[in-house]
$ cat upload16.pdb   # PDB, C-alpha atoms and all ligand atoms
ATOM      1  CA  MET W   1     -12.341  97.476 -65.301
ATOM      2  CA  ARG W   2     -10.861  94.844 -67.639
ATOM      3  CA  GLN W   3     -10.505  92.410 -64.764
ATOM      4  CA  SER W   4     -14.294  92.065 -64.552
ATOM      5  CA  LEU W   5     -14.257  90.431 -68.000
ATOM      6  CA  LYS W   6     -12.692  87.392 -66.357
ATOM      7  CA  ASN W   7     -16.042  86.609 -64.786
ATOM      8  CA  THR W   8     -17.943  86.596 -68.083
ATOM      9  CA  GLN W   9     -20.317  83.665 -68.129
ATOM     10  CA  ARG W  10     -22.279  84.235 -71.351
ATOM     11  CA  LEU W  11     -20.731  85.830 -74.407
ATOM     12  CA  VAL W  12     -21.474  86.515 -78.061
ATOM     13  CA  ILE W  13     -18.630  86.563 -80.583
ATOM     14  CA  LYS W  14     -19.079  88.279 -83.943
ATOM     15  CA  VAL W  15     -16.701  87.542 -86.812
ATOM     16  CA  GLY W  16     -16.734  89.486 -90.052
ATOM     17  CA  THR W  17     -16.047  88.225 -93.556
ATOM     18  CA  SER W  18     -12.560  89.781 -93.420
ATOM     19  CA  SER W  19     -11.622  87.357 -90.616
ATOM     20  CA  LEU W  20     -12.908  84.319 -92.527
ATOM     21  CA  ILE W  21     -11.929  84.949 -96.138
ATOM     22  CA  HIS W  22      -8.392  85.696 -97.376
ATOM     23  CA  SER W  23      -7.967  88.802 -99.513
ATOM     24  CA  ASN W  24      -7.520  86.503-102.563
ATOM     25  CA  GLY W  25     -11.042  85.124-102.008
ATOM     26  CA  THR W  26     -10.094  81.724-100.563
ATOM     27  CA  ILE W  27     -11.347  80.482 -97.210
ATOM     28  CA  ASN W  28      -9.166  81.197 -94.173
ATOM     29  CA  LEU W  29      -9.222  77.689 -92.735
ATOM     30  CA  SER W  30      -6.698  78.411 -90.004
ATOM     31  CA  ALA W  31      -8.860  81.269 -88.658
ATOM     32  CA  ILE W  32     -11.967  79.053 -88.702
ATOM     33  CA  ASP W  33     -10.056  76.230 -87.045
ATOM     34  CA  GLU W  34      -8.607  78.510 -84.358
ATOM     35  CA  LEU W  35     -12.024  80.010 -83.708
ATOM     36  CA  SER W  36     -13.545  76.544 -83.310
ATOM     37  CA  PHE W  37     -10.765  75.591 -80.890
ATOM     38  CA  VAL W  38     -11.074  78.748 -78.791
ATOM     39  CA  LEU W  39     -14.862  78.695 -78.557
ATOM     40  CA  THR W  40     -14.930  74.996 -77.697
ATOM     41  CA  ASP W  41     -12.316  75.518 -75.000
ATOM     42  CA  LEU W  42     -14.346  78.353 -73.490
ATOM     43  CA  LYS W  43     -17.445  76.190 -73.505
ATOM     44  CA  ASN W  44     -15.490  73.359 -71.893
ATOM     45  CA  LYS W  45     -14.474  75.812 -69.150
ATOM     46  CA  GLY W  46     -18.173  76.320 -68.416
ATOM     47  CA  LYS W  47     -18.938  79.465 -70.408
ATOM     48  CA  GLU W  48     -21.956  79.861 -72.671
ATOM     49  CA  VAL W  49     -20.845  80.838 -76.152
ATOM     50  CA  ILE W  50     -22.789  82.095 -79.176
ATOM     51  CA  LEU W  51     -21.136  82.784 -82.523
ATOM     52  CA  VAL W  52     -22.517  85.299 -85.017
ATOM     53  CA  SER W  53     -20.741  84.667 -88.291
ATOM     54  CA  SER W  54     -20.813  86.481 -91.602
ATOM     55  CA  GLY W  55     -19.171  85.009 -94.659
ATOM     56  CA  ALA W  56     -22.005  83.278 -96.555
ATOM     57  CA  ILE W  57     -21.565  85.332 -99.725
ATOM     58  CA  GLY W  58     -17.756  85.184 -99.523
ATOM     59  CA  VAL W  59     -17.763  81.395 -99.149
ATOM     60  CA  GLY W  60     -20.466  81.084-101.845
ATOM     61  CA  MET W  61     -18.337  83.084-104.268
ATOM     62  CA  HIS W  62     -15.434  80.773-103.555
ATOM     63  CA  GLN W  63     -17.600  77.659-104.075
ATOM     64  CA  LEU W  64     -18.891  78.976-107.391
ATOM     65  CA  ASN W  65     -15.527  80.322-108.571
ATOM     66  CA  LEU W  66     -16.845  83.874-108.818
ATOM     67  CA  THR W  67     -14.230  86.604-108.734
ATOM     68  CA  LYS W  68     -16.722  89.493-108.592
ATOM     69  CA  ARG W  69     -19.549  89.879-106.094
ATOM     70  CA  PRO W  70     -22.818  89.594-108.063
ATOM     71  CA  THR W  71     -24.827  92.796-108.236
ATOM     72  CA  SER W  72     -28.454  91.669-108.491
ATOM     73  CA  ILE W  73     -30.326  90.727-105.306
ATOM     74  CA  PRO W  74     -31.495  87.280-106.581
ATOM     75  CA  GLU W  75     -27.909  86.429-107.568
ATOM     76  CA  GLN W  76     -26.551  87.544-104.176
ATOM     77  CA  GLN W  77     -29.229  85.530-102.381
ATOM     78  CA  ALA W  78     -28.486  82.458-104.499
ATOM     79  CA  VAL W  79     -24.752  82.752-103.746
ATOM     80  CA  ALA W  80     -25.556  83.236-100.038
ATOM     81  CA  ALA W  81     -27.689  80.068-100.091
ATOM     82  CA  VAL W  82     -24.768  78.072-101.488
ATOM     83  CA  GLY W  83     -22.254  79.748 -99.189
ATOM     84  CA  GLN W  84     -24.226  79.456 -95.944
ATOM     85  CA  ALA W  85     -24.463  75.672 -96.302
ATOM     86  CA  ALA W  86     -20.785  75.400 -97.236
ATOM     87  CA  LEU W  87     -19.730  77.660 -94.346
ATOM     88  CA  MET W  88     -21.758  75.631 -91.848
ATOM     89  CA  ASN W  89     -20.174  72.457 -93.210
ATOM     90  CA  ILE W  90     -16.719  73.838 -92.500
ATOM     91  CA  TYR W  91     -17.710  75.022 -89.021
ATOM     92  CA  ALA W  92     -19.456  71.741 -88.157
ATOM     93  CA  GLN W  93     -16.438  69.770 -89.300
ATOM     94  CA  ARG W  94     -13.872  71.911 -87.455
ATOM     95  CA  PHE W  95     -15.925  72.076 -84.241
ATOM     96  CA  MET W  96     -16.482  68.292 -84.455
ATOM     97  CA  SER W  97     -12.725  67.749 -84.460
ATOM     98  CA  TYR W  98     -12.883  69.174 -80.915
ATOM     99  CA  SER W  99     -16.017  67.075 -80.173
ATOM    100  CA  GLN W 100     -18.175  70.201 -80.044
ATOM    101  CA  GLN W 101     -21.737  70.171 -81.377
ATOM    102  CA  THR W 102     -22.942  73.289 -83.195
ATOM    103  CA  ALA W 103     -26.327  74.451 -84.467
ATOM    104  CA  GLN W 104     -27.333  76.888 -87.182
ATOM    105  CA  ILE W 105     -29.837  79.681 -86.586
ATOM    106  CA  LEU W 106     -30.802  81.994 -89.435
ATOM    107  CA  LEU W 107     -32.740  85.103 -88.455
ATOM    108  CA  THR W 108     -34.596  87.969 -90.049
ATOM    109  CA  ARG W 109     -35.669  91.158 -88.300
ATOM    110  CA  ASP W 110     -39.419  90.431 -88.534
ATOM    111  CA  VAL W 111     -38.874  87.232 -86.540
ATOM    112  CA  ILE W 112     -37.295  89.230 -83.714
ATOM    113  CA  GLU W 113     -39.908  91.991 -83.793
ATOM    114  CA  TYR W 114     -42.952  89.727 -83.595
ATOM    115  CA  PRO W 115     -43.365  88.795 -79.882
ATOM    116  CA  GLU W 116     -44.289  85.109 -80.354
ATOM    117  CA  SER W 117     -41.490  84.311 -82.755
ATOM    118  CA  ARG W 118     -39.062  86.419 -80.709
ATOM    119  CA  LYS W 119     -39.892  84.344 -77.642
ATOM    120  CA  ASN W 120     -39.420  81.212 -79.706
ATOM    121  CA  VAL W 121     -35.933  82.310 -80.798
ATOM    122  CA  ILE W 122     -34.986  83.073 -77.187
ATOM    123  CA  ASN W 123     -36.292  79.675 -76.030
ATOM    124  CA  THR W 124     -34.344  77.852 -78.734
ATOM    125  CA  LEU W 125     -31.123  79.712 -77.927
ATOM    126  CA  GLU W 126     -31.537  79.041 -74.186
ATOM    127  CA  GLN W 127     -32.215  75.379 -74.885
ATOM    128  CA  LEU W 128     -29.147  75.031 -77.113
ATOM    129  CA  LEU W 129     -26.914  76.678 -74.502
ATOM    130  CA  ASP W 130     -28.425  74.433 -71.858
ATOM    131  CA  MET W 131     -27.499  71.420 -73.969
ATOM    132  CA  GLY W 132     -23.894  72.637 -74.286
ATOM    133  CA  ILE W 133     -24.277  73.371 -78.002
ATOM    134  CA  ILE W 134     -22.687  76.421 -79.667
ATOM    135  CA  PRO W 135     -25.283  78.255 -81.794
ATOM    136  CA  ILE W 136     -23.904  79.776 -85.002
ATOM    137  CA  ILE W 137     -26.127  82.625 -86.112
ATOM    138  CA  ASN W 138     -26.355  84.576 -89.341
ATOM    139  CA  GLU W 139     -28.911  86.747 -91.023
ATOM    140  CA  ASN W 140     -31.058  84.663 -93.344
ATOM    141  CA  ASP W 141     -29.584  86.387 -96.390
ATOM    142  CA  THR W 142     -31.444  84.063 -98.716
ATOM    143  CA  VAL W 143     -34.827  85.591 -97.893
ATOM    144  CA  ALA W 144     -34.095  88.899 -96.116
ATOM    145  CA  ILE W 145     -35.193  91.931 -98.110
ATOM    146  CA  ASP W 146     -34.751  95.642 -97.671
ATOM    147  CA  GLU W 147     -38.101  97.032 -98.811
ATOM    148  CA  LEU W 148     -39.294 100.282 -97.283
ATOM    149  CA  GLU W 149     -42.664  98.863 -96.219
ATOM    150  CA  HIS W 150     -41.371  95.473 -95.201
ATOM    151  CA  SER W 151     -37.711  95.444 -94.276
ATOM    152  CA  THR W 152     -36.639  92.125 -92.827
ATOM    153  CA  LYS W 153     -32.933  92.942 -92.798
ATOM    154  CA  PHE W 154     -30.976  93.682 -89.626
ATOM    155  CA  GLY W 155     -28.807  96.047 -91.598
ATOM    156  CA  ASP W 156     -25.650  94.094 -90.893
ATOM    157  CA  ASN W 157     -24.226  91.466 -88.577
ATOM    158  CA  ASP W 158     -22.880  94.125 -86.194
ATOM    159  CA  GLN W 159     -26.492  94.979 -85.345
ATOM    160  CA  LEU W 160     -27.518  91.313 -85.409
ATOM    161  CA  SER W 161     -24.786  90.369 -82.916
ATOM    162  CA  ALA W 162     -25.822  93.179 -80.549
ATOM    163  CA  ILE W 163     -29.482  92.122 -80.853
ATOM    164  CA  VAL W 164     -28.493  88.530 -80.070
ATOM    165  CA  ALA W 165     -26.605  89.832 -77.003
ATOM    166  CA  GLN W 166     -29.795  91.661 -75.972
ATOM    167  CA  LEU W 167     -32.034  88.622 -76.561
ATOM    168  CA  THR W 168     -29.786  86.343 -74.532
ATOM    169  CA  LYS W 169     -28.744  88.981 -71.955
ATOM    170  CA  ALA W 170     -25.104  88.165 -72.710
ATOM    171  CA  GLU W 171     -22.626  90.012 -70.489
ATOM    172  CA  LEU W 172     -20.125  90.511 -73.278
ATOM    173  CA  LEU W 173     -20.052  90.963 -77.041
ATOM    174  CA  ILE W 174     -16.644  90.448 -78.636
ATOM    175  CA  MET W 175     -16.591  92.018 -82.057
ATOM    176  CA  LEU W 176     -13.690  90.776 -84.168
ATOM    177  CA  SER W 177     -12.807  93.091 -87.026
ATOM    178  CA  ASP W 178      -9.931  93.897 -89.379
ATOM    179  CA  ILE W 179      -8.725  96.686 -87.091
ATOM    180  CA  ASP W 180      -7.191  96.724 -83.581
ATOM    181  CA  GLY W 181     -10.021  98.736 -82.039
ATOM    182  CA  PHE W 182     -11.695 102.140 -82.138
ATOM    183  CA  TYR W 183      -9.348 105.058 -82.905
ATOM    184  CA  SER W 184      -9.639 108.825 -82.539
ATOM    185  CA  GLU W 185     -10.084 108.806 -86.325
ATOM    186  CA  ASN W 186      -9.900 106.286 -89.134
ATOM    187  CA  PRO W 187      -6.245 105.077 -89.139
ATOM    188  CA  ALA W 188      -6.580 104.555 -92.897
ATOM    189  CA  ASN W 189      -6.767 108.360 -93.183
ATOM    190  CA  ASN W 190      -4.398 109.287 -90.358
ATOM    191  CA  PRO W 191      -1.711 106.835 -89.170
ATOM    192  CA  GLU W 192      -1.244 109.038 -86.061
ATOM    193  CA  ALA W 193      -4.754 108.230 -84.847
ATOM    194  CA  LEU W 194      -4.871 107.043 -81.224
ATOM    195  CA  LEU W 195      -6.380 103.748 -80.143
ATOM    196  CA  TYR W 196      -8.965 104.133 -77.360
ATOM    197  CA  ASN W 197      -8.667 101.666 -74.530
ATOM    198  CA  HIS W 198     -12.083 102.407 -73.031
ATOM    199  CA  ILE W 199     -15.215 104.170 -74.286
ATOM    200  CA  GLN W 200     -17.853 104.899 -71.649
ATOM    201  CA  GLU W 201     -20.574 106.430 -73.796
ATOM    202  CA  ILE W 202     -21.364 106.995 -77.449
ATOM    203  CA  THR W 203     -21.792 110.703 -78.055
ATOM    204  CA  GLU W 204     -22.257 112.619 -81.311
ATOM    205  CA  GLU W 205     -18.546 113.344 -81.135
ATOM    206  CA  THR W 206     -17.767 109.616 -80.908
ATOM    207  CA  MET W 207     -19.986 108.929 -83.925
ATOM    208  CA  ALA W 208     -18.209 111.652 -85.888
ATOM    209  CA  GLN W 209     -14.888 109.834 -85.366
ATOM    210  CA  ALA W 210     -16.135 106.839 -87.355
ATOM    211  CA  THR W 211     -15.711 107.178 -91.084
ATOM    212  CA  GLY W 212     -14.611 105.104 -94.018
ATOM    213  CA  PRO W 213     -15.791 101.924 -95.687
ATOM    214  CA  GLY W 214     -19.297 100.804 -95.025
ATOM    215  CA  SER W 215     -20.585 104.004 -93.511
ATOM    216  CA  THR W 216     -21.414 105.500 -96.927
ATOM    217  CA  PHE W 217     -24.086 102.836 -97.404
ATOM    218  CA  GLY W 218     -25.367 103.106 -93.856
ATOM    219  CA  THR W 219     -24.343  99.521 -93.085
ATOM    220  CA  GLY W 220     -21.111  97.976 -91.826
ATOM    221  CA  GLY W 221     -18.119 100.140 -91.066
ATOM    222  CA  MET W 222     -17.148 101.651 -87.752
ATOM    223  CA  SER W 223     -20.384 103.612 -87.231
ATOM    224  CA  SER W 224     -22.287 100.346 -87.307
ATOM    225  CA  LYS W 225     -20.006  98.976 -84.581
ATOM    226  CA  LEU W 226     -20.682 102.059 -82.457
ATOM    227  CA  LYS W 227     -24.435 101.547 -82.908
ATOM    228  CA  ALA W 228     -23.956  97.960 -81.774
ATOM    229  CA  ALA W 229     -22.119  99.273 -78.692
ATOM    230  CA  GLN W 230     -25.108 101.534 -77.978
ATOM    231  CA  ARG W 231     -27.398  98.495 -77.943
ATOM    232  CA  VAL W 232     -25.012  96.708 -75.605
ATOM    233  CA  PHE W 233     -25.014  99.748 -73.290
ATOM    234  CA  GLU W 234     -28.828  99.522 -73.163
ATOM    235  CA  ILE W 235     -28.566  96.231 -71.290
ATOM    236  CA  ASP W 236     -25.556  97.338 -69.199
ATOM    237  CA  SER W 237     -23.325  94.783 -70.864
ATOM    238  CA  SER W 238     -19.888  95.304 -72.400
ATOM    239  CA  MET W 239     -18.436  95.100 -75.868
ATOM    240  CA  VAL W 240     -14.806  94.639 -76.888
ATOM    241  CA  LEU W 241     -13.785  95.554 -80.417
ATOM    242  CA  ALA W 242     -10.544  93.812 -81.392
ATOM    243  CA  ASN W 243      -8.600  92.435 -84.321
ATOM    244  CA  GLY W 244      -9.821  89.025 -85.484
ATOM    245  CA  LYS W 245      -6.646  88.061 -87.342
ATOM    246  CA  GLN W 246      -5.872  85.602 -84.581
ATOM    247  CA  PRO W 247      -8.988  84.400 -82.777
ATOM    248  CA  LYS W 248      -6.860  83.302 -79.788
ATOM    249  CA  ILE W 249      -7.053  86.990 -78.862
ATOM    250  CA  ILE W 250     -10.413  86.029 -77.304
ATOM    251  CA  PHE W 251      -8.504  84.213 -74.509
ATOM    252  CA  ASP W 252      -6.489  87.364 -73.766
ATOM    253  CA  ILE W 253      -9.612  89.550 -73.754
ATOM    254  CA  LEU W 254     -11.272  87.219 -71.268
ATOM    255  CA  ASN W 255      -8.113  87.260 -69.166
ATOM    256  CA  GLY W 256      -8.522  90.995 -68.718
ATOM    257  CA  ALA W 257      -5.650  92.024 -71.024
ATOM    258  CA  GLU W 258      -5.706  95.619 -72.279
ATOM    259  CA  ILE W 259      -6.439  94.658 -75.890
ATOM    260  CA  GLY W 260      -8.690  96.434 -78.369
ATOM    261  CA  THR W 261     -11.327  98.892 -77.192
ATOM    262  CA  LEU W 262     -13.623  98.144 -74.280
ATOM    263  CA  PHE W 263     -17.077  99.733 -74.495
ATOM    264  CA  LYS W 264     -18.473  99.768 -70.983
ATOM    265  CA  LYS W 265     -20.409 102.299 -68.972
ATOM    266  CA  GLY W 266     -18.784 103.708 -65.835
ATOM    267  CA  GLY W 267     -15.303 104.735 -64.751
ATOM    268  CA  LYS W 268     -12.070 102.840 -64.383
TER     269      LYS W 268
HETATM  270  P1  LIG O   1     -15.473  94.314 -90.537
HETATM  271  O1  LIG O   1     -15.500  93.897 -91.981
HETATM  272  O2  LIG O   1     -14.431  93.633 -89.727
HETATM  273  O3  LIG O   1     -16.819  94.249 -89.891
HETATM  274  P2  LIG O   1     -15.573  97.156 -91.218
HETATM  275  O4  LIG O   1     -14.868  97.364 -92.515
HETATM  276  O5  LIG O   1     -17.052  97.161 -91.216
HETATM  277  O6  LIG O   1     -14.994  95.845 -90.502
HETATM  278  O7  LIG O   1     -15.080  98.301 -90.172
HETATM  279  C1  LIG O   1     -13.740  98.428 -89.813
HETATM  280  C2  LIG O   1     -13.122  99.601 -90.547
HETATM  281  O8  LIG O   1     -13.664 100.824 -90.056
HETATM  282  C3  LIG O   1     -11.642  99.781 -90.352
HETATM  283  O9  LIG O   1     -10.876  98.948 -91.182
HETATM  284  C4  LIG O   1     -11.403 101.269 -90.641
HETATM  285  O10 LIG O   1     -11.020 101.471 -91.979
HETATM  286  C5  LIG O   1     -12.795 101.888 -90.465
HETATM  287  N1  LIG O   1     -12.831 102.985 -89.485
HETATM  288  C6  LIG O   1     -13.482 104.151 -89.656
HETATM  289  N2  LIG O   1     -13.343 104.971 -88.604
HETATM  290  C7  LIG O   1     -12.588 104.303 -87.696
HETATM  291  C8  LIG O   1     -12.096 104.633 -86.391
HETATM  292  N3  LIG O   1     -12.370 105.820 -85.780
HETATM  293  N4  LIG O   1     -11.353 103.692 -85.741
HETATM  294  C9  LIG O   1     -11.068 102.498 -86.320
HETATM  295  N5  LIG O   1     -11.502 102.144 -87.560
HETATM  296  C10 LIG O   1     -12.245 103.041 -88.261
END
$ encode --input "upload16.pdb" --output "structure tokens" --more "lines below"
Ligand code: ADP
Amino acid sequence: MRQSLKNTQRLVIKVGTSSLIHSNGTINLSAIDELSFVLTDLKNKGKEVILVSSGAIGVGMHQLNLTKRPTSIPEQQAVAAVGQAALMNIYAQRFMSYSQQTAQILLTRDVIEYPESRKNVINTLEQLLDMGIIPIINENDTVAIDELEHSTKFGDNDQLSAIVAQLTKAELLIMLSDIDGFYSENPANNPEALLYNHIQEITEETMAQATGPGSTFGTGGMSSKLKAAQRVFEIDSSMVLANGKQPKIIFDILNGAEIGTLFKKGGK
């Protein structure tokens, strides 16, 4: 089952803030550098690579010397506007050191739902991949809002990365998190929890095994990653959830190593 990952041609990688920002609030340059190296190498080997990256608010807080995340929406959006540009600068610079061109795409849900603009996004992504460029995608935090009547938010980048996989018909979504994979229960609550190697379907029972941070607000957290897996199942693609501490893990995943949790329909 894992061996089939070796043949992956088009893949989406999602990195969370925890992989990009140190716990003391500074930017994890070695992770960003390693990620740039790995993704460029994959592209050089002929694969088509798309990066979905969080981190705009985290980087913005660092740029502005803020120790506490602002609470008001306009403040958060202002910090995201500063941080997104700074984050892209770091990516562009690191990728350039490997002679790899990148491009920024900022999306909101309405753009994906409206057929004309959806088609436009797909065309742009296809064109970029065709040109050997690595698209770096994030939600357009600066304008996205969460109004009942007019919600333009994706919810979180777990959903965004799965939607990008759907739009581009990617065979694989690699979701890098702060945990080694999906466990029988939250290891933060029970250190005896067992790591699943392979999940073939998302049932109510599976959903009930996801608890902890994020899920209380309905965004982020493990339940959001399971919902992303459901989207990936819809297009018969695969998802691997793994620890993003060392982005070189992506090489091992694509080599078919039994790392993290593979979400894929069908038996062994
Ligand atoms: P990220 O910031 O990397 O996107 P999240 O904090 O959103 O990660 O989700 C990962 C967290 O989900 C883990 O650190 C863990 O505390 C929690 N979690 C809840 N249930 C599970 C489970 N069954 N298996 C693994 N992690 C779980």
$ closest_atom_pairs --input "upload16.pdb" --of "chain W" --to "ligand LIG 1 (chain O)" --cutoff "9 Å" --atoms "all atoms listed in the file" --output "tab-separated table"
residue	atom	partner	partner_atom	distance
W:Lys14	CA	O:LIG1	O3	8.7
W:Val15	CA	O:LIG1	O2	7.1
W:Gly16	CA	O:LIG1	O2	4.8
W:Thr17	CA	O:LIG1	O1	5.9
W:Ser18	CA	O:LIG1	O1	5.3
W:Ser19	CA	O:LIG1	O2	6.9
W:Ser54	CA	O:LIG1	O3	8.9
W:Asp156	CA	O:LIG1	O3	8.9
W:Asn157	CA	O:LIG1	O3	8.0
W:Asp158	CA	O:LIG1	O3	7.1
W:Met175	CA	O:LIG1	O2	8.1
W:Leu176	CA	O:LIG1	O2	6.3
W:Ser177	CA	O:LIG1	O2	3.2
W:Asp178	CA	O:LIG1	O2	4.5
W:Ile179	CA	O:LIG1	O9	5.1
W:Asp180	CA	O:LIG1	C9	7.5
W:Gly181	CA	O:LIG1	C9	5.8
W:Phe182	CA	O:LIG1	N4	3.9
W:Tyr183	CA	O:LIG1	N4	3.7
W:Ser184	CA	O:LIG1	N3	5.2
W:Glu185	CA	O:LIG1	N3	3.8
W:Asn186	CA	O:LIG1	C7	3.6
W:Pro187	CA	O:LIG1	C9	6.2
W:Ala188	CA	O:LIG1	O10	5.5
W:Asn189	CA	O:LIG1	O10	8.2
W:Ala193	CA	O:LIG1	N3	8.0
W:Leu194	CA	O:LIG1	N4	8.6
W:Leu195	CA	O:LIG1	N4	7.5
W:Tyr196	CA	O:LIG1	N4	8.7
W:Thr206	CA	O:LIG1	N3	8.2
W:Met207	CA	O:LIG1	N3	8.4
W:Ala208	CA	O:LIG1	N3	8.3
W:Gln209	CA	O:LIG1	N3	4.8
W:Ala210	CA	O:LIG1	N2	3.6
W:Thr211	CA	O:LIG1	C6	4.0
W:Gly212	CA	O:LIG1	C6	4.6
W:Pro213	CA	O:LIG1	O4	5.6
W:Gly214	CA	O:LIG1	O5	5.7
W:Ser215	CA	O:LIG1	O5	8.0
W:Thr219	CA	O:LIG1	O5	7.9
W:Gly220	CA	O:LIG1	O5	4.2
W:Gly221	CA	O:LIG1	O5	3.2
W:Met222	CA	O:LIG1	O8	4.3
W:Ser223	CA	O:LIG1	N2	7.3
W:Ser224	CA	O:LIG1	O5	7.3
W:Lys225	CA	O:LIG1	O7	7.5
W:Asn243	CA	O:LIG1	O2	8.0
W:Gly244	CA	O:LIG1	O2	7.8
$ write_last_selection --input "upload16.pdb" --atoms "C-alpha atoms" --output "short mmCIF file (atom, residue, chain, number, x, y, z; two decimals), in the coordinates of the input"
data_model
loop_
_atom_site.label_atom_id
_atom_site.label_comp_id
_atom_site.auth_asym_id
_atom_site.auth_seq_id
_atom_site.Cartn_x
_atom_site.Cartn_y
_atom_site.Cartn_z
CA LYS W 14 -19.08 88.28 -83.94
CA VAL W 15 -16.70 87.54 -86.81
CA GLY W 16 -16.73 89.49 -90.05
CA THR W 17 -16.05 88.22 -93.56
CA SER W 18 -12.56 89.78 -93.42
CA SER W 19 -11.62 87.36 -90.62
CA SER W 54 -20.81 86.48 -91.60
CA ASP W 156 -25.65 94.09 -90.89
CA ASN W 157 -24.23 91.47 -88.58
CA ASP W 158 -22.88 94.12 -86.19
CA MET W 175 -16.59 92.02 -82.06
CA LEU W 176 -13.69 90.78 -84.17
CA SER W 177 -12.81 93.09 -87.03
CA ASP W 178 -9.93 93.90 -89.38
CA ILE W 179 -8.72 96.69 -87.09
CA ASP W 180 -7.19 96.72 -83.58
CA GLY W 181 -10.02 98.74 -82.04
CA PHE W 182 -11.70 102.14 -82.14
CA TYR W 183 -9.35 105.06 -82.90
CA SER W 184 -9.64 108.82 -82.54
CA GLU W 185 -10.08 108.81 -86.32
CA ASN W 186 -9.90 106.29 -89.13
CA PRO W 187 -6.24 105.08 -89.14
CA ALA W 188 -6.58 104.56 -92.90
CA ASN W 189 -6.77 108.36 -93.18
CA ALA W 193 -4.75 108.23 -84.85
CA LEU W 194 -4.87 107.04 -81.22
CA LEU W 195 -6.38 103.75 -80.14
CA TYR W 196 -8.96 104.13 -77.36
CA THR W 206 -17.77 109.62 -80.91
CA MET W 207 -19.99 108.93 -83.92
CA ALA W 208 -18.21 111.65 -85.89
CA GLN W 209 -14.89 109.83 -85.37
CA ALA W 210 -16.14 106.84 -87.36
CA THR W 211 -15.71 107.18 -91.08
CA GLY W 212 -14.61 105.10 -94.02
CA PRO W 213 -15.79 101.92 -95.69
CA GLY W 214 -19.30 100.80 -95.02
CA SER W 215 -20.58 104.00 -93.51
CA THR W 219 -24.34 99.52 -93.08
CA GLY W 220 -21.11 97.98 -91.83
CA GLY W 221 -18.12 100.14 -91.07
CA MET W 222 -17.15 101.65 -87.75
CA SER W 223 -20.38 103.61 -87.23
CA SER W 224 -22.29 100.35 -87.31
CA LYS W 225 -20.01 98.98 -84.58
CA ASN W 243 -8.60 92.44 -84.32
CA GLY W 244 -9.82 89.02 -85.48
#
$ resolve_selection --input "upload16.pdb" --expression "the PyMOL selection byres (((chain W and resi 86) around 12) and not hetatm)" --output "list in words"
Ile27, Gly55, Ala56, Ile57, Gly58, Val59, Gly60, Met61, His62, Gln63, Leu64, Val79, Ala80, Ala81, Val82, Gly83, Gln84, Ala85, Leu87, Met88, Asn89, Ile90, Tyr91, Ala92 and Gln93 of chain W
$ residues_around --input "upload16.pdb" --residues "Gln230 in chain W" --least-positions-apart "6" --cutoff "9 Å" --atoms "all atoms listed in the file" --output "list in words"
Ala162, Glu201, Ile202 and Phe263 of chain W
$ closest_residue --input "upload16.pdb" --among "W:Thr102, W:Val121, W:Gln127, W:Glu204" --to "Ile163 in chain W" --atoms "only C-alpha atoms"
W:Val121
$ closest_residue --input "upload16.pdb" --among "W:Lys6, W:Lys248, W:Lys43, W:Arg118" --to "Ala31 in chain W" --atoms "only C-alpha atoms"
W:Lys248
$ resolve_selection --input "upload16.pdb" --expression "the PyMOL selection byres (((chain W and resi 256) around 7) and not hetatm)" --output "ChimeraX atom specification"
/W:2-3,5-6,252-255,257-258
$ resolve_selection --input "upload16.pdb" --expression "the PyMOL selection byres (((chain W and resi 137) around 6) and not hetatm)" --output "list in words"
Val52, Gln104, Ile105, Leu106, Ile136 and Asn138 of chain W
